[in-house]
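Below: protein_32.cif (mmCIF, C-alpha atoms (C1' of nucleotides))
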data_data
loop_
_atom_site.label_atom_id
_atom_site.label_comp_id
_atom_site.auth_asym_id
_atom_site.auth_seq_id
_atom_site.Cartn_x
_atom_site.Cartn_y
_atom_site.Cartn_z
CA MET C 1 0.00 0.00 0.00
CA SER C 2 3.05 2.22 0.21
CA LEU C 3 3.68 1.89 -3.50
CA PRO C 4 2.53 4.78 -5.66
CA LEU C 5 -0.74 4.22 -7.49
CA LEU C 6 -0.85 3.63 -11.22
CA VAL C 7 -4.20 3.72 -12.95
CA VAL C 8 -4.54 1.77 -16.18
CA ILE C 9 -7.52 2.33 -18.43
CA LEU C 10 -7.96 -0.30 -21.10
CA GLY C 11 -10.62 -1.15 -23.62
CA PRO C 12 -11.31 -1.42 -27.34
CA THR C 13 -11.12 1.50 -29.78
CA GLY C 14 -14.04 3.79 -29.46
CA SER C 15 -14.88 2.77 -25.90
CA GLY C 16 -14.18 6.24 -24.57
CA LYS C 17 -10.80 5.72 -22.94
CA THR C 18 -9.72 9.25 -23.78
CA ALA C 19 -12.79 10.86 -22.26
CA LEU C 20 -12.46 8.86 -19.07
CA SER C 21 -8.74 9.48 -18.76
CA LEU C 22 -9.17 13.24 -19.12
CA ARG C 23 -11.85 13.24 -16.49
CA LEU C 24 -9.78 11.20 -14.04
CA ALA C 25 -6.65 13.21 -14.69
CA GLU C 26 -8.45 16.46 -13.92
CA GLN C 27 -10.09 15.05 -10.81
CA MET C 28 -7.06 13.35 -9.36
CA HIS C 29 -4.16 15.50 -10.44
CA GLY C 30 -3.03 13.03 -13.01
CA GLU C 31 -0.93 12.82 -16.13
CA ILE C 32 -1.79 10.62 -19.07
CA VAL C 33 0.53 8.06 -20.59
CA SER C 34 -0.74 6.86 -23.94
CA CYS C 35 -0.28 3.20 -24.77
CA ASP C 36 -0.97 3.22 -28.45
CA SER C 37 1.35 1.73 -31.01
CA VAL C 38 0.41 4.24 -33.70
CA ALA C 39 -0.11 7.44 -31.73
CA VAL C 40 3.59 7.43 -30.92
CA TYR C 41 4.27 8.60 -34.48
CA ARG C 42 4.29 12.27 -35.35
CA GLU C 43 2.27 13.61 -38.28
CA PHE C 44 -0.22 10.76 -38.20
CA GLU C 45 -3.11 12.71 -36.75
CA ILE C 46 -6.59 12.09 -38.07
CA GLY C 47 -6.41 8.32 -38.39
CA THR C 48 -4.94 7.79 -34.95
CA ALA C 49 -7.67 9.53 -32.97
CA LYS C 50 -5.08 11.19 -30.77
CA PRO C 51 -6.44 13.40 -28.00
CA SER C 52 -7.02 16.91 -29.35
CA HIS C 53 -4.43 19.62 -28.84
CA SER C 54 -6.68 21.44 -26.44
CA ASP C 55 -7.07 18.25 -24.40
CA ARG C 56 -3.33 17.91 -24.34
CA GLN C 57 -3.16 21.50 -23.15
CA ARG C 58 -5.48 20.75 -20.28
CA VAL C 59 -3.72 17.63 -19.10
CA PRO C 60 -0.11 16.58 -19.67
CA HIS C 61 0.10 13.69 -22.15
CA HIS C 62 3.06 11.40 -22.69
CA LEU C 63 4.24 9.03 -25.40
CA ILE C 64 2.26 10.67 -28.15
CA ASP C 65 4.32 12.06 -31.04
CA VAL C 66 7.58 10.71 -29.69
CA ALA C 67 8.82 9.15 -32.93
CA GLY C 68 9.26 10.30 -36.50
CA PRO C 69 7.06 8.80 -39.21
CA MET C 70 9.89 6.65 -40.50
CA GLU C 71 11.06 5.36 -37.14
CA VAL C 72 10.06 2.06 -35.61
CA VAL C 73 8.84 1.82 -32.04
CA THR C 74 8.55 -1.76 -30.85
CA ALA C 75 6.81 -3.09 -27.76
CA GLY C 76 10.18 -3.20 -26.02
CA ASP C 77 11.01 0.39 -26.97
CA TYR C 78 7.64 1.48 -25.74
CA SER C 79 7.99 -0.36 -22.47
CA ARG C 80 11.31 1.29 -21.68
CA LEU C 81 10.09 4.75 -22.57
CA ALA C 82 6.89 4.34 -20.62
CA ARG C 83 8.57 3.07 -17.48
CA GLN C 84 10.83 6.08 -17.41
CA VAL C 85 7.88 8.40 -17.87
CA LEU C 86 5.91 6.67 -15.11
CA ARG C 87 8.73 7.11 -12.64
CA ASP C 88 9.06 10.77 -13.53
CA ILE C 89 5.37 11.36 -13.00
CA ALA C 90 5.36 9.54 -9.69
CA ALA C 91 8.44 11.48 -8.60
CA ARG C 92 6.55 14.67 -9.29
CA GLY C 93 3.81 13.43 -7.00
CA ARG C 94 1.28 13.17 -9.78
CA LEU C 95 -1.00 10.25 -10.58
CA PRO C 96 0.08 8.38 -13.70
CA ILE C 97 -2.80 7.16 -15.87
CA VAL C 98 -1.92 4.73 -18.62
CA VAL C 99 -4.47 4.67 -21.42
CA GLY C 100 -4.06 1.47 -23.35
CA GLY C 101 -5.43 0.15 -26.57
CA SER C 102 -2.38 -1.77 -27.74
CA GLY C 103 -2.51 -5.02 -25.82
CA LEU C 104 1.01 -6.23 -26.45
CA TYR C 105 2.51 -2.85 -25.59
CA LEU C 106 0.52 -2.70 -22.39
CA ARG C 107 1.66 -6.16 -21.41
CA ALA C 108 5.24 -5.27 -22.26
CA LEU C 109 4.93 -2.29 -19.94
CA LEU C 110 3.17 -4.03 -17.06
CA GLU C 111 4.51 -7.60 -17.24
CA GLY C 112 7.68 -7.03 -19.21
CA LEU C 113 9.16 -9.04 -22.03
CA PHE C 114 11.75 -11.78 -21.90
CA ALA C 115 15.36 -10.80 -22.41
CA GLY C 116 15.66 -11.75 -26.04
CA PRO C 117 18.42 -11.04 -28.52
CA PRO C 118 18.01 -7.95 -30.70
CA ARG C 119 15.99 -8.41 -33.85
CA SER C 120 17.93 -9.30 -36.90
CA GLU C 121 16.33 -7.77 -39.95
CA GLU C 122 18.59 -9.73 -42.23
CA LEU C 123 17.74 -13.08 -40.66
CA ARG C 124 14.09 -12.23 -40.79
CA THR C 125 13.98 -11.39 -44.45
CA ARG C 126 15.90 -14.53 -45.21
CA LEU C 127 13.38 -16.62 -43.31
CA ARG C 128 10.44 -14.83 -44.82
CA GLU C 129 11.79 -15.43 -48.29
CA ARG C 130 12.03 -19.11 -47.55
CA ALA C 131 8.48 -19.10 -46.31
CA THR C 132 7.18 -17.68 -49.56
CA LYS C 133 9.39 -19.92 -51.66
CA ARG C 134 9.00 -23.24 -49.89
CA GLY C 135 5.83 -22.73 -47.93
CA ALA C 136 4.88 -21.97 -44.36
CA GLU C 137 4.96 -25.67 -43.55
CA TYR C 138 8.68 -25.79 -44.29
CA LEU C 139 9.49 -22.99 -41.86
CA HIS C 140 7.41 -24.66 -39.20
CA LYS C 141 9.33 -27.90 -39.62
CA LEU C 142 12.50 -25.95 -39.15
CA LEU C 143 11.13 -24.53 -35.94
CA ARG C 144 10.19 -28.00 -34.78
CA ARG C 145 13.85 -28.88 -34.91
CA VAL C 146 15.11 -25.71 -33.27
CA ASP C 147 12.40 -25.18 -30.66
CA PRO C 148 9.86 -28.02 -30.49
CA ALA C 149 7.89 -26.40 -27.68
CA ALA C 150 7.42 -23.19 -29.64
CA ALA C 151 6.43 -25.17 -32.72
CA GLN C 152 3.80 -26.87 -30.62
CA THR C 153 2.10 -23.66 -29.63
CA THR C 154 2.52 -21.73 -32.86
CA HIS C 155 0.42 -22.62 -35.88
CA ALA C 156 2.38 -23.16 -39.08
CA ASN C 157 0.28 -20.57 -40.89
CA ASP C 158 1.22 -17.89 -38.43
CA VAL C 159 4.38 -17.01 -40.32
CA PRO C 160 5.32 -13.87 -38.39
CA LYS C 161 5.36 -15.73 -35.09
CA VAL C 162 7.20 -18.71 -36.54
CA VAL C 163 9.77 -16.32 -37.96
CA ARG C 164 10.18 -14.56 -34.65
CA ALA C 165 10.68 -17.85 -32.79
CA LEU C 166 13.25 -18.94 -35.34
CA GLU C 167 14.99 -15.61 -35.29
CA VAL C 168 15.35 -15.72 -31.52
CA SER C 169 16.31 -19.36 -31.32
CA ILE C 170 18.89 -19.13 -34.07
CA SER C 171 20.59 -15.93 -33.01
CA ALA C 172 20.60 -16.91 -29.34
CA ARG C 173 21.70 -20.44 -30.20
CA ALA C 174 19.07 -21.70 -27.76
CA PRO C 175 15.36 -22.41 -28.02
CA MET C 176 13.27 -19.30 -27.48
CA THR C 177 11.14 -21.27 -25.07
CA ASP C 178 14.18 -21.80 -22.86
CA LEU C 179 14.84 -18.09 -22.81
CA TRP C 180 11.27 -17.57 -21.69
CA GLN C 181 11.98 -19.67 -18.64
CA GLN C 182 14.18 -16.89 -17.35
CA GLY C 183 11.01 -14.90 -16.89
CA ARG C 184 9.93 -11.39 -17.63
CA ASP C 185 10.68 -8.17 -15.85
CA PRO C 186 7.35 -6.96 -14.52
CA LEU C 187 6.75 -3.40 -13.45
CA SER C 188 6.88 -3.87 -9.69
CA ASP C 189 7.18 -0.44 -8.17
CA PHE C 190 3.55 0.56 -8.59
CA ASN C 191 0.24 -0.40 -7.11
CA ILE C 192 -1.67 -1.00 -10.31
CA LEU C 193 -5.39 -0.41 -10.67
CA ARG C 194 -6.82 -1.70 -13.94
CA ILE C 195 -10.08 -0.33 -15.21
CA GLY C 196 -11.61 -1.91 -18.31
CA LEU C 197 -14.22 -0.26 -20.48
CA ASN C 198 -16.67 -2.63 -22.10
CA PRO C 199 -19.61 -0.99 -23.85
CA GLU C 200 -22.43 -3.12 -25.25
CA ARG C 201 -21.21 -4.60 -28.50
CA PRO C 202 -23.84 -3.13 -30.87
CA ALA C 203 -23.36 0.35 -29.41
CA LEU C 204 -19.59 0.01 -29.65
CA TYR C 205 -19.77 -1.01 -33.29
CA GLU C 206 -22.08 1.89 -34.04
CA ARG C 207 -19.69 4.30 -32.37
CA ILE C 208 -16.79 2.84 -34.32
CA ASN C 209 -18.64 3.18 -37.62
CA GLN C 210 -19.44 6.75 -36.88
CA ARG C 211 -15.91 7.61 -35.85
CA ALA C 212 -14.31 5.97 -38.85
CA ARG C 213 -16.59 7.91 -41.16
CA GLU C 214 -15.74 11.13 -39.37
CA MET C 215 -12.05 10.52 -39.95
CA PHE C 216 -12.67 10.58 -43.68
CA SER C 217 -14.78 13.72 -43.55
CA GLU C 218 -12.09 15.38 -41.47
CA GLY C 219 -9.54 14.83 -44.20
CA LEU C 220 -8.01 11.41 -43.66
CA VAL C 221 -7.53 10.90 -47.38
CA GLU C 222 -5.71 14.21 -47.76
CA GLU C 223 -3.50 13.49 -44.76
CA THR C 224 -2.70 10.07 -46.13
CA GLU C 225 -1.85 11.47 -49.53
CA ARG C 226 0.56 13.93 -48.00
CA LEU C 227 2.21 11.34 -45.76
CA ALA C 228 2.45 8.75 -48.52
CA ALA C 229 4.19 11.26 -50.77
CA GLN C 230 6.65 12.21 -48.08
CA TYR C 231 7.20 8.88 -46.34
CA PRO C 232 6.14 6.16 -48.77
CA SER C 233 7.44 3.34 -46.63
CA ALA C 234 6.30 4.58 -43.22
CA TRP C 235 4.91 1.72 -41.25
CA PRO C 236 1.79 3.48 -39.89
CA LEU C 237 0.59 3.90 -43.46
CA SER C 238 -0.42 0.27 -43.32
CA SER C 239 -2.47 0.69 -40.17
CA LEU C 240 -6.23 0.96 -39.92
CA GLY C 241 -7.78 3.80 -41.82
CA TYR C 242 -4.57 4.83 -43.57
CA LYS C 243 -4.48 1.52 -45.35
CA GLN C 244 -7.98 1.98 -46.74
CA ALA C 245 -7.39 5.65 -47.58
CA LEU C 246 -4.33 4.54 -49.52
CA GLN C 247 -6.34 1.95 -51.41
CA HIS C 248 -8.77 4.67 -52.35
CA LEU C 249 -5.94 6.94 -53.51
CA ARG C 250 -4.67 4.14 -55.71
CA GLY C 251 -8.13 3.76 -57.19
CA GLU C 252 -8.68 0.30 -55.78
CA LEU C 253 -11.67 1.38 -53.72
CA SER C 254 -14.29 4.08 -54.12
CA LEU C 255 -14.48 6.55 -51.25
CA GLU C 256 -17.54 4.85 -49.85
CA GLN C 257 -15.94 1.42 -50.13
CA ALA C 258 -12.84 2.70 -48.36
CA ILE C 259 -14.94 4.10 -45.54
CA GLN C 260 -16.81 0.84 -45.14
CA ALA C 261 -13.61 -1.18 -45.23
CA ALA C 262 -12.10 1.06 -42.55
CA GLN C 263 -15.19 0.67 -40.40
CA GLN C 264 -15.00 -3.06 -40.82
CA GLY C 265 -11.32 -3.12 -39.92
CA HIS C 266 -11.90 -1.10 -36.79
CA ARG C 267 -14.75 -3.33 -35.69
CA ASN C 268 -12.66 -6.44 -36.17
CA TYR C 269 -9.82 -4.81 -34.31
CA ALA C 270 -12.04 -3.88 -31.38
CA LYS C 271 -13.08 -7.50 -31.09
CA ARG C 272 -9.48 -8.69 -31.04
CA GLN C 273 -8.65 -6.13 -28.39
CA LEU C 274 -11.47 -7.43 -26.22
CA THR C 275 -10.22 -10.99 -26.60
CA TRP C 276 -6.80 -9.85 -25.47
CA PHE C 277 -7.95 -7.71 -22.56
CA ARG C 278 -10.38 -10.31 -21.27
CA ARG C 279 -7.38 -12.42 -20.36
CA GLU C 280 -5.78 -9.59 -18.45
CA GLN C 281 -5.83 -10.24 -14.70
CA ASN C 282 -7.38 -8.03 -12.04
CA VAL C 283 -9.36 -5.80 -14.34
CA HIS C 284 -12.29 -3.89 -12.90
CA TRP C 285 -14.67 -4.00 -15.83
CA ILE C 286 -17.25 -1.28 -16.30
CA THR C 287 -20.05 -1.75 -18.80
CA GLY C 288 -20.45 1.36 -20.90
CA PHE C 289 -18.50 4.14 -22.59
CA GLY C 290 -15.91 6.22 -20.82
CA SER C 291 -17.78 9.34 -21.85
CA GLU C 292 -20.81 8.41 -19.73
CA LYS C 293 -21.21 10.16 -16.40
CA ALA C 294 -22.17 6.98 -14.58
CA VAL C 295 -19.13 5.15 -15.88
CA GLN C 296 -16.85 8.03 -14.89
CA LYS C 297 -18.35 8.00 -11.42
CA LYS C 298 -17.65 4.30 -10.99
CA ALA C 299 -14.10 4.78 -12.16
CA GLU C 300 -13.57 7.70 -9.80
CA ASP C 301 -14.84 5.59 -6.92
CA LEU C 302 -12.44 2.81 -7.81
CA VAL C 303 -9.52 5.19 -7.87
CA ALA C 304 -10.60 6.92 -4.67
CA ALA C 305 -10.77 3.57 -2.89
CA GLN C 306 -7.12 3.00 -3.74
CA ALA C 307 -5.77 6.47 -3.11
"C1'" G W 1 -46.59 -8.31 -73.81
"C1'" C W 2 -42.50 -11.17 -76.12
"C1'" A W 3 -37.16 -12.84 -75.79
"C1'" C W 4 -33.13 -14.03 -73.11
"C1'" A W 5 -30.60 -14.32 -68.17
"C1'" G W 6 -31.42 -15.34 -63.25
"C1'" G W 7 -33.71 -16.41 -58.09
"C1'" U W 8 -28.89 -21.13 -53.22
"C1'" G W 9 -28.09 -20.67 -46.01
"C1'" A W 10 -27.14 -13.14 -42.63
"C1'" C W 11 -24.58 -11.40 -47.45
"C1'" C W 12 -21.59 -12.49 -51.94
"C1'" G W 13 -21.05 -16.83 -54.65
"C1'" A W 14 -19.96 -22.40 -56.36
"C1'" G W 15 -22.68 -26.56 -57.33
"C1'" U W 16 -26.49 -28.97 -62.74
"C1'" G W 17 -29.68 -36.52 -60.55
"C1'" G W 18 -27.01 -39.79 -55.38
"C1'" U W 19 -20.88 -40.06 -50.71
"C1'" U W 20 -24.74 -32.36 -50.25
"C1'" A W 21 -26.56 -29.27 -44.22
"C1'" A W 22 -24.78 -28.10 -49.50
"C1'" U W 23 -16.99 -25.80 -52.07
"C1'" G W 24 -15.20 -20.74 -51.38
"C1'" G W 25 -15.30 -15.83 -49.50
"C1'" U W 26 -17.42 -12.02 -46.20
"C1'" A W 27 -19.90 -10.81 -41.84
"C1'" G W 28 -20.80 -12.78 -36.81
"C1'" C W 29 -19.08 -15.37 -32.35
"C1'" A W 30 -15.09 -17.60 -29.55
"C1'" G W 31 -9.82 -18.27 -28.97
"C1'" A W 32 -4.31 -17.54 -29.45
"C1'" C W 33 -0.62 -13.88 -28.98
"C1'" U W 34 6.65 -12.73 -24.74
"C1'" G W 35 10.22 -6.52 -29.40
"C1'" U W 36 7.16 -3.62 -36.56
"C1'" A W 37 0.71 -6.27 -32.86
"C1'" A W 38 -4.19 -0.75 -35.74
"C1'" A W 39 -0.11 -6.92 -37.15
"C1'" U W 40 -0.64 -12.26 -37.66
"C1'" C W 41 -3.05 -16.78 -36.88
"C1'" U W 42 -6.81 -20.75 -35.10
"C1'" G W 43 -11.76 -22.79 -34.20
"C1'" C W 44 -17.17 -22.55 -34.58
"C1'" C W 45 -20.82 -20.95 -37.74
"C1'" G W 46 -29.39 -23.96 -40.18
"C1'" C W 47 -32.33 -25.75 -35.73
"C1'" U W 48 -32.83 -29.40 -31.57
"C1'" C W 49 -30.91 -33.26 -28.71
"C1'" U W 50 -26.23 -35.98 -27.70
"C1'" C W 51 -23.29 -41.59 -23.93
"C1'" A W 52 -19.60 -36.44 -28.63
"C1'" G W 53 -19.57 -41.42 -31.88
"C1'" G W 54 -23.70 -39.67 -33.59
"C1'" A W 55 -29.39 -38.99 -33.81
"C1'" G W 56 -33.62 -36.25 -35.47
"C1'" C W 57 -35.85 -32.06 -37.92
"C1'" U W 58 -35.99 -28.02 -41.52
"C1'" A W 59 -33.57 -26.12 -46.00
"C1'" C W 60 -31.48 -24.14 -52.41
"C1'" G W 61 -38.29 -18.28 -54.79
"C1'" G W 62 -43.66 -20.96 -54.36
"C1'" A W 63 -46.92 -25.11 -55.61
"C1'" G W 64 -47.20 -29.59 -57.98
"C1'" G W 65 -44.85 -33.66 -60.85
"C1'" U W 66 -40.97 -37.34 -62.81
"C1'" U W 67 -37.48 -40.67 -60.14
"C1'" C W 68 -35.51 -45.80 -55.66
"C1'" G W 69 -33.30 -40.76 -55.03
"C1'" A W 70 -33.79 -33.56 -56.98
"C1'" A W 71 -30.75 -27.45 -55.24
"C1'" U W 72 -29.95 -30.08 -59.82
"C1'" C W 73 -35.07 -32.79 -64.75
"C1'" C W 74 -40.58 -31.34 -66.19
"C1'" U W 75 -45.18 -28.07 -65.56
"C1'" C W 76 -47.57 -23.85 -63.72
"C1'" C W 77 -47.13 -19.50 -60.72
"C1'" C W 78 -44.41 -15.34 -58.27
"C1'" C W 79 -40.18 -12.05 -58.29
"C1'" U W 80 -35.46 -9.57 -60.31
"C1'" G W 81 -32.12 -7.86 -64.35
"C1'" U W 82 -31.21 -6.94 -69.54
"C1'" G W 83 -32.96 -6.54 -74.61
"C1'" C W 84 -37.12 -5.99 -78.06
"C1'" A W 85 -41.78 -4.08 -78.33
#
Since I need it in another form, could you write the structure as structure tokens?
Amino acid sequence: MSLPLLVVILGPTGSGKTALSLRLAEQMHGEIVSCDSVAVYREFEIGTAKPSHSDRQRVPHHLIDVAGPMEVVTAGDYSRLARQVLRDIAARGRLPIVVGGSGLYLRALLEGLFAGPPRSEELRTRLRERATKRGAEYLHKLLRRVDPAAAQTTHANDVPKVVRALEVSISARAPMTDLWQQGRDPLSDFNILRIGLNPERPALYERINQRAREMFSEGLVEETERLAAQYPSAWPLSSLGYKQALQHLRGELSLEQAIQAAQQGHRNYAKRQLTWFRREQNVHWITGFGSEKAVQKKAEDLVAAQA
RNA sequence: GCACAGGUGACCGAGUGGUUAAUGGUAGCAGACUGUAAAUCUGCCGCUCUCAGGAGCUACGGAGGUUCGAAUCCUCCCCUGUGCA
């Protein structure tokens, strides 16, 4: 109970995490730490649904716009950055509020990752090439030799994960699964309160549809065109919304088709997020959107009970 | 009104006498996830039971018919698209 409090707000896109976090931050003297794998990139504005500039004026926000469009911020990078920020906030006597939509990044922050070898781009491309040339099954067989346990739990079709397991096992000269045995490095110097937002599914999907459409009317296509011209290989260009806007710019989809595809993608994503977060331990789930007064009240009570 | 083309499970779309509750895809639901994760992958998916091996029921626009057997063939009807009037 002597550890400083850390509030974590999690939930699918469109569940009102931003609204709730702003409210809590203003009530409890807090600062917001974004946990969003795309909002870390500068210049990607409309499609990322970052908090508005006036919101960021009202309450200090962290880990938004911390990387250039061409940089790469991995879960490990994020975890290190976020931990530093959390300690700074706590040292200032403020309440850190992590707002998380990116499940893996949140887990990397809270539970830590295993101490793996650095990624080897060259090894990866070599493996990926083999996968396309000789089939996913071939790569999986290779993994069965190098790390049978990992092969057991990773489906052969899941090429990215098979590649990662191979990459780690080969460059570490030991099965990745063995490295996992050494454990993770959980964030241990905070008393963590997890609040999950879970609106009714139909309402959530409706909200998502509406928001995705708004992104287009606010100029997502124009923003994408500008970014694609300047940074054609930027990774966030392949993320939700930008991907569909790009398809429209290339003439593969009509504007309406692009909007509907983006809505679809966001809905599917929200569902995956829920699957991930449901497994998260010790989450205080609240049914409803973070913008609702009743939901905010419940959240405030939860925080007050801890503080 | 005539001539073609077509009506298949939530949607798109295969299937042209039997091993077809009906290939695929999408949506939906559930699950996995240890450094690009807004990514990637897996399962279920007509209804009702189930000793989980199966059992029963209802289904390919509608109604009849042919056949041992029909989504598939025939007749009539309804609807949709295109062309000609």
Write out as a PDB file with C-alpha atoms (C1' of nucleotides), in the coordinates of the input each polymer residue whose atoms come within 12 Å of region 67-73 of chain W, counting all atoms listed in the file; drop sequence neighbours fewer than 2 positions from it.
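part-v1.pdb, written as the output of this step:
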ATOM      1  C1'   G W   7     -33.710 -16.410 -58.090  1.00  0.00           C
ATOM      2  C1'   U W   8     -28.890 -21.130 -53.220  1.00  0.00           C
ATOM      3  C1'   G W   9     -28.090 -20.670 -46.010  1.00  0.00           C
ATOM      4  C1'   A W  14     -19.960 -22.400 -56.360  1.00  0.00           C
ATOM      5  C1'   G W  15     -22.680 -26.560 -57.330  1.00  0.00           C
ATOM      6  C1'   U W  16     -26.490 -28.970 -62.740  1.00  0.00           C
ATOM      7  C1'   G W  17     -29.680 -36.520 -60.550  1.00  0.00           C
ATOM      8  C1'   G W  18     -27.010 -39.790 -55.380  1.00  0.00           C
ATOM      9  C1'   U W  20     -24.740 -32.360 -50.250  1.00  0.00           C
ATOM     10  C1'   A W  21     -26.560 -29.270 -44.220  1.00  0.00           C
ATOM     11  C1'   A W  22     -24.780 -28.100 -49.500  1.00  0.00           C
ATOM     12  C1'   A W  59     -33.570 -26.120 -46.000  1.00  0.00           C
ATOM     13  C1'   C W  60     -31.480 -24.140 -52.410  1.00  0.00           C
ATOM     14  C1'   G W  61     -38.290 -18.280 -54.790  1.00  0.00           C
ATOM     15  C1'   G W  65     -44.850 -33.660 -60.850  1.00  0.00           C
ATOM     16  C1'   U W  75     -45.180 -28.070 -65.560  1.00  0.00           C
TER      17        U W  75
END
Checklist entry - Could you work out how far CA of Ala19 (chain C) lies from CA of Ser291 (chain C), giving the answer in Å with one decimal? => result 5.2 Å
Item to check | Proximal residues of chain C relative to chain W (all atoms listed in the file; 7 Å) as a list in words | outcome: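 So the residues of chain C near chain W are Val72, Thr74, Ala75, Gly76, Leu104, Leu113, Phe114, His155, Asn157, Asp158, Pro160, Ser239 and Leu240 of chain C.
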Checklist entry - Got a sec to resolve the PyMOL selection byres ((chain W and resi 6) around 9) on this structure and send the residues as a list in words? => result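 Those residues are A5, G7, U80 and G81 of chain W.
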Checklist outcome for this item: Separating CA of Pro117 (chain C) from CA of Arg164 (chain C), to the nearest tenth of an Å, is a gap of 10.9 Å
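Neighbours of His248 (chain C) closer than or equal to 12 Å, with all atoms listed in the file counted and sequence neighbours fewer than 3 positions away skipped, come out as C:Phe216, C:Leu220, C:Val221, C:Glu222, C:Thr224, C:Glu225, C:Gly241, C:Tyr242, C:Lys243, C:Gln244, C:Ala245, C:Gly251, C:Glu252, C:Leu253, C:Ser254, C:Leu255, C:Glu256, C:Gln257, C:Ala258, C:Ile259, C:Gln260, C:Ala261, C:Ala262.
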Next on the checklist: One decimal, in Å: what's the spacing between CA of Glu137 (chain C) and CA of Gln152 (chain C)?
Outcome noted: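 Computing the Euclidean distance for CA of Glu137 (chain C) and CA of Gln152 (chain C) yields 13.0 Å.
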Checklist entry - On this structure, which residues satisfy the PyMOL selection byres ((chain C and resi 169) around 10), written as JSON, numbers by chain? => result {"C": [116, 117, 143, 146, 147, 150, 163, 164, 165, 166, 167, 168, 170, 171, 172, 173, 174, 175, 176, 177, 178, 179]}
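Every protein or nucleic acid residue with an atom no more than 10 Å from Met70 (chain C), counting all atoms listed in the file and leaving out same-chain residues fewer than 5 positions away, appears here: Tyr41, Arg42, Gln230, Tyr231, Pro232, Ser233, Ala234, Trp235 and Pro236 of chain C.
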Please output region 244-256 of chain C, rebuilt to include N, CA and C atoms, as an mmCIF file, keeping the file's coordinate frame.
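Once everything was written out, this is out_0.cif:
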data_model
loop_
_atom_site.group_PDB
_atom_site.id
_atom_site.type_symbol
_atom_site.label_atom_id
_atom_site.label_comp_id
_atom_site.auth_asym_id
_atom_site.auth_seq_id
_atom_site.Cartn_x
_atom_site.Cartn_y
_atom_site.Cartn_z
ATOM 1 N N GLN C 244 -6.824 1.864 -45.858
ATOM 2 C CA GLN C 244 -7.980 1.980 -46.740
ATOM 3 C C GLN C 244 -7.956 3.293 -47.525
ATOM 4 N N ALA C 245 -7.483 4.363 -46.886
ATOM 5 C CA ALA C 245 -7.390 5.650 -47.580
ATOM 6 C C ALA C 245 -6.402 5.513 -48.743
ATOM 7 N N LEU C 246 -5.348 4.773 -48.497
ATOM 8 C CA LEU C 246 -4.330 4.540 -49.520
ATOM 9 C C LEU C 246 -4.906 3.732 -50.691
ATOM 10 N N GLN C 247 -5.714 2.747 -50.354
ATOM 11 C CA GLN C 247 -6.340 1.950 -51.410
ATOM 12 C C GLN C 247 -7.264 2.813 -52.260
ATOM 13 N N HIS C 248 -7.910 3.759 -51.617
ATOM 14 C CA HIS C 248 -8.770 4.670 -52.350
ATOM 15 C C HIS C 248 -7.938 5.586 -53.249
ATOM 16 N N LEU C 249 -6.813 6.066 -52.719
ATOM 17 C CA LEU C 249 -5.940 6.940 -53.510
ATOM 18 C C LEU C 249 -5.388 6.202 -54.734
ATOM 19 N N ARG C 250 -5.185 4.933 -54.579
ATOM 20 C CA ARG C 250 -4.670 4.140 -55.710
ATOM 21 C C ARG C 250 -5.775 3.723 -56.667
ATOM 22 N N GLY C 251 -7.009 4.089 -56.323
ATOM 23 C CA GLY C 251 -8.130 3.760 -57.190
ATOM 24 C C GLY C 251 -8.646 2.343 -57.039
ATOM 25 N N GLU C 252 -8.215 1.673 -55.984
ATOM 26 C CA GLU C 252 -8.680 0.300 -55.780
ATOM 27 C C GLU C 252 -10.059 0.250 -55.122
ATOM 28 N N LEU C 253 -10.370 1.316 -54.406
ATOM 29 C CA LEU C 253 -11.670 1.380 -53.720
ATOM 30 C C LEU C 253 -12.290 2.751 -53.953
ATOM 31 N N SER C 254 -13.607 2.784 -54.048
ATOM 32 C CA SER C 254 -14.290 4.080 -54.120
ATOM 33 C C SER C 254 -14.208 4.657 -52.711
ATOM 34 N N LEU C 255 -14.546 5.936 -52.582
ATOM 35 C CA LEU C 255 -14.480 6.550 -51.250
ATOM 36 C C LEU C 255 -15.377 5.810 -50.275
ATOM 37 N N GLU C 256 -16.593 5.528 -50.727
ATOM 38 C CA GLU C 256 -17.540 4.850 -49.850
ATOM 39 C C GLU C 256 -17.043 3.451 -49.468
#
